[in-house]
Amino acid sequence: MNRRQFLLAAAATAAAPMLTFSSRLFAAPPGSPHFLLVFLRGGYDCNNLLVPYGSDFYYASRPTLAIARPDPGNPESAVALDADWGLNPVVRDALLPLWQRRQLAFVPFAGTTDLSRSHFETQDHIERGEPDGMGTDYRSGFLARLSKVLTGVPAIAFTNELPLSFQGAGHDIPNISLRANPRAGFNPRQSAILAGMYKGTPLAAATADGLALPRSLSADLRDEMVRASRGAPGPNNFAMETRRIATLMRDTYRLGFVDVGGWDTHVSQGSTSGGLANNLHNLSAGLAAFADTMGSDWNDTVVVVLSEFGRTFRENGDHGTDHGHGTVHWVLGGKVAGGRLAGEQLAVTQPNLLQNRDYPVLNNYRDTLGGLFRRMWGLNESQLQKVFPRAKPRDLGLV
Amino acid sequence: MSFAALSRIRPLHLLCGLLLATSLSAPAMAQPLHTLTQGDLAWLRRDGFGLDSATLARYERLGRTRFLDEQLAGDDNTLPPAIRRLLDSYTVIDTPPQQLLADFRQRARAVKAMPAGDAKNAAKKALQRYRRSLFLQDAEVEMLHAVYGGNQLKEQMVWFWLNHFSVYAPKGPVGLFAADYEERVIRPHALGKFRDLVMAVLQSPAMLVYLDNARNVKGRTNENYARELMELHTLGVGSGYTQQDVQQLMAILTGAGIAPFAPRGQRMRPGFVRDGLFVFNPNKHDFRDKVFLGHTIEGRGYAEITQAVDLIVKQPACAHFIAREMAEYFVADRPPPALVDAMARTFERSDGDIAAVLRTLFTSPYVTSGYGHKFKDPFRFVVSSMRLAYDGRPIANAQPLVNWVRQMGEAPYGRITPDGWPLDSASWSGSGQMAKRFAVARAIGSGRNRLFDPTDDSAPAHMMPMTPQPPPSIQDSAVFRASLAPQLSAATRKALAQARSPQEWNTYLLSSPDFNER
């Protein structure tokens with residue numbers, strides 16, 4: 001999508017009336033862009049996803065974990081993206097076509113200023129999206145603030161718990177996990193009675209939405225799943241979940257969040273097989289399925305994949321990696337200016353490591369996401385400052 | 001009488017000679033109950049997971065002071081005999097962890113040795129099922145204690161510490177050790193000295209495996225546990241320690257692991273420490289001197305660890321960190337700073353005596369501050385629902401309890417990350433969570449569950465036939481009349497009056513804000 005289209009979309013969005021969930025059986029504002037944030041919890045090892053195969057130091061640092069340099073005769077070798085970087089071959093089938101269509105970009109050396117190397121501290125830091133040294137509001141997430149700024153852009157978290165990213169919006173943001181098909185539990189009379197008890201309490205909206213959501217979703221998804229089941233993905237497949245998510249994002253919601261766990265690979269993480277490889281394969285297949293299910297709306301969609309931090313550049317004594325700092329963010333979408341690495345970069349050498357341990361952060365996610373949001377919705381400076389206070393939004397030319 | 005008429009609110013007076021389902025609580029309940037004040041009820045709803053008639057009767061009999069004294073002394077660990085028998089029937093309770101581990105490894109080796117093919121695949125699946133059945137047992141044990149344990153304050157602290165020192169059963173063999181972790185690591189220290197608790201956790205197979213210190217050895221270090229020991233277990237992030245301190249603590253902890261990872265056939269050098277599965281192996285320890293939290297720690301083996309833990313728990317940050325978390329758990333998402341300070345002072349003065357800190361909390365007027373605004377987390381919701389609905393009646397099958405808590409996203413030993421489940425209200429009251437809660441309320445209140453159908457490991461519970469039970473008559477129960485009935489809001493009374501069946505009435509009550517906020 002070009003900037004002009006995004007701005008038109010933004011104008012259409014701004015003109016749409018304020019929508020509340022209880023009236024959500026509507027088509028979402030036409031043309032308004034879709035944004036899905038995929039949060040990899042646990043700190044994924046970006047160095048075995050986006051392989052710096054041009055770096056001798058990479059091979060010296062990972063005697064058992066490194067992925068071989070691209071070699072047409074070796075199916076276990078990295079898939080070259082350019083002269084320096086390649087992909088883990090387990091994601092070839094899902095991601096290479098997107099890359100070749102220029103619908104996928106990577107932002108290496110990405111992350112936050114938080115150097116605690118703690119999962120929880122850093123995840124919270126990212127989800128809050130607040131600058132250092134500012135009084136912290138522990139219950140306000142940047143997607144919630146974005147949702148507040150974007151009047152009439154329906155938001156939803158595809159999770160069992162409302163993530164911090166979406167907390168503190170001041171209006172209810174529904175959450176529902178789509179790992180399994182949702183089922184409506186109560187009939188309309190019972191739902192009304194249950195909701196009535198919470199009327200006038202701070203939980204009124206959450207209660208009403210929670211009772212209404214599975215009812216409408218199961219109807220929406222029933223039709224979709226009948227159509228999609230020819231692909232018949234396995235029950236534990238992330239692709240099954242992302243197809244459901246895409247159905248809702250395409251028809252109803254414009255701002256979404258989903259998280260995926262299992263990335264904290266301290267021990268025996270493997271390289272082109274093993275736990276990390278399985279996770280990467282599952283994740284990439286899920287994203288490809290999402291793109292596929294979005295159909296023509298994929299052209300108005302941006303997906304960002306991020307994680308709280310990268311991992312140590314060197315492998316540890318247990319064939320795993322420990323908590324690091326800079327990581328690689330992914331940006332996907334039908335009209336994303338992809339097929340390239342975006343943002344500031346450094347050569348992958350020992351002297352360029354942070355504290356001789358991990359990647360430095362050259363591309364602060366607050367700045368890059370701020371720049372992305374500005375393009376997507378035509379946000380002005382004061383709106384951006386509400387989403388990411390004191391950020392310096394940077395345009396990586398991705399949309 | 002119409003159902004709506006039945007739900008008429010009754011006066012606060014408690015009746016004599018209450019009908020009780022269990023022999024255990026019957027003697028206590030023979031005594032008449034008097035009127036409990038709103039203050040008593042508010043206090044009791046902080047002191048336990050949820051009220052049942054046995055608790056109300058004992059409180060009446062002893063008065064608050066003695067009631068609290070007995071709890072803090074760790075007394076009254078009574079369980080209904082049927083529940084004790086159920087617990088004792090679990091593999092994870094009647095098998096020592098060493099044997100569980102050896103047995104599991106033997107099974108795994110046997111499967112590995114099989115020739116590839118259908119038989120091997122079937123054996124693999126059977127092994128996975130066995131593993132999952134042990135995880136399930138771990139969780140059932142914890143839930144049964146919480147529902148039926150007579151000392152509810154202690155039971156809350158067992159849950160609190162299990163959550164504070166959270167472990168994740170599906171990681172490696174952690175699930176083989178989780179019941180042992182609860183019964184023999186956390187429970188005996190739940191009301192004792194915090195320092196002893198930290199040491200017990202440090203030496204527990206569950207934690208050593210979960211946070212990888214079992215793999216932290218000289219030359220192949222792993223800082224996972226060292227970091228979380230300070231960040232999550234004792235001091236809190238931002239309390240002043242540095243990355244350097246984390247690395248020094250990691251070095252101090254090298255060689256602390258579990259026995260199966262210890263070298264065989266090597267001569268034990270002096271300084272070898274062994275306790276159950278725990279082993280401190282000096283051959284794998286980094287004996288260099290360390291500087292930790294500003295103190296020099298001479299490299300001399302196991303004693304470095306106790307010295308480091310002593311240093312950590314004496315930091316003022318530790319007292320404050322623990323006090324704040326306890327206050328958040330018992331009182332409010334943002335507990336009154338004066339209360340936290342008082343608890344932290346007691347912690348420091350008493351050398352980290354957990355019972356003393358609890359006494360400060362439960363004798364403070366702040367203990368009931370914000371009453372009615374702390375939204376129950378799923379575990380507490382299920383446990384308190386069971387206590388209200390079944391009032392001590394022993395169940396035969398605890399699998400549904402675990403399934404409910406799991407569906408609501410708070411399974412015991414199910415938190416992947418070591419920070420434990422969140423303690424604040426907002427984390428459990430999203431729209432999806434509310435709907436799930438109401439569905440579980442119905443499952444508990446309808447009698448359409450498998451709580452009274454005995455199970456064995458031969459088949460998953462949901463594949464067993466279900467014997468329908470009449471719904472529990474919460475409405476007519478003494479505990480409801482004494483505790484909730486007098487406080488119900490107009491909106492809840494209106495909802496209850498619209499119930500078309502006892503099942504529905506129970507669903508609405510257990511779903512109501514009055515029951516879910518404490």
# chains A, B, ... in the order shown; residues from 1 in each chain; ligands from 1
>>> interface_residues(of="chain A", to="chain B", cutoff="7 Å", atoms="only C-alpha atoms", output="ChimeraX atom specification")
/A:160-162,174-176,185,193-194,196-198,206-207,209-211,316-317
>>> write_last_selection(atoms="N, CA and C atoms", output="compact mmCIF listing (two decimals), in the first residue's frame")
# COMPACT_ATOMS: atom_id res chain seq x y z
N ASN A 160 -5.84 -15.64 26.15
CA ASN A 160 -6.69 -15.97 27.29
C ASN A 160 -6.78 -14.84 28.29
N GLU A 161 -5.69 -14.09 28.42
CA GLU A 161 -5.72 -12.95 29.31
C GLU A 161 -5.49 -11.69 28.48
N LEU A 162 -6.07 -10.58 28.93
CA LEU A 162 -5.84 -9.34 28.21
C LEU A 162 -4.39 -8.94 28.42
N PRO A 174 -11.91 -6.63 23.97
CA PRO A 174 -12.21 -8.03 24.24
C PRO A 174 -10.97 -8.90 24.06
N ASN A 175 -10.96 -10.01 24.75
CA ASN A 175 -9.90 -10.98 24.52
C ASN A 175 -10.54 -12.36 24.43
N ILE A 176 -10.05 -13.12 23.49
CA ILE A 176 -10.52 -14.50 23.36
C ILE A 176 -9.45 -15.29 22.64
N GLY A 185 -21.68 -20.06 25.71
CA GLY A 185 -22.04 -20.83 26.88
C GLY A 185 -23.44 -20.59 27.40
N ILE A 193 -29.07 -11.77 32.34
CA ILE A 193 -29.11 -11.79 33.81
C ILE A 193 -27.69 -11.67 34.38
N LEU A 194 -26.77 -12.45 33.80
CA LEU A 194 -25.38 -12.39 34.27
C LEU A 194 -24.80 -10.99 34.10
N GLY A 196 -26.40 -8.29 33.92
CA GLY A 196 -27.12 -7.35 34.79
C GLY A 196 -26.47 -7.19 36.16
N MET A 197 -25.89 -8.27 36.65
CA MET A 197 -25.27 -8.18 37.99
C MET A 197 -24.07 -7.24 38.00
N TYR A 198 -23.43 -7.08 36.84
CA TYR A 198 -22.22 -6.25 36.78
C TYR A 198 -22.51 -4.84 36.24
N ALA A 206 -16.66 -5.56 30.25
CA ALA A 206 -15.97 -6.83 30.07
C ALA A 206 -16.97 -7.99 30.16
N THR A 207 -17.89 -7.89 31.10
CA THR A 207 -18.87 -8.95 31.28
C THR A 207 -19.79 -9.06 30.07
N ASP A 209 -19.35 -7.93 27.00
CA ASP A 209 -18.61 -8.35 25.80
C ASP A 209 -18.26 -9.83 25.87
N GLY A 210 -17.81 -10.25 27.04
CA GLY A 210 -17.39 -11.63 27.18
C GLY A 210 -18.52 -12.60 26.90
N LEU A 211 -19.72 -12.23 27.29
CA LEU A 211 -20.87 -13.10 27.05
C LEU A 211 -21.30 -13.08 25.59
N ASN A 316 25.81 -21.26 24.84
CA ASN A 316 26.31 -21.52 26.19
C ASN A 316 26.78 -22.97 26.31
N GLY A 317 27.09 -23.41 27.50
CA GLY A 317 27.63 -24.75 27.69
C GLY A 317 26.61 -25.86 27.52
>>> select_by_dssp(residues="segment 192-340 of chain B", states="alpha helix (DSSP H)", output="PyMOL selection string")
chain B and resi 194-202+205-210+224-228+243-252+302-313+316-330+337-340
>>> residues_around(residues="Pro394 of chain B", least_positions_apart="4", cutoff="7 Å", atoms="only C-alpha atoms", output="ChimeraX atom specification")
/B:80,82-83
>>> write_last_selection(atoms="C-alpha atoms", output="CSV table (one decimal), in the first residue's frame")
chain,number,residue,atom,x,y,z
B,80,PRO,CA,-11.3,-35.1,55.9
B,82,ALA,CA,-11.6,-39.5,52.6
B,83,ILE,CA,-9.5,-36.7,51.2
>>> closest_residue(among="A:Glu315, A:Asp71, A:Glu130, A:Glu308", to="Asp367 of chain A", atoms="only C-alpha atoms")
A:Glu130
>>> residues_around(residues="segment 305-322 of chain B", least_positions_apart="3", cutoff="7 Å", atoms="only C-alpha atoms", output="list in words")
Arg195, Thr234, Leu235, Gly236, Ser239, Ile252, Leu253, Tyr302, Glu325, Met326, Ala344, Phe347 and Glu348 of chain B
>>> closest_residue(among="A:Gly200, A:Gly111, A:Arg128, A:Ser191", to="Gly168 of chain A", atoms="only C-alpha atoms")
A:Arg128
>>> closest_residue(among="B:Met157, B:Tyr241, B:Asp103, B:Val92", to="Gln137 of chain B", atoms="only C-alpha atoms")
B:Val92
>>> atom_distance(atom1="atom CA of Phe238 of chain A", atom2="atom CA of Tyr53 of chain A")
28.3 Å
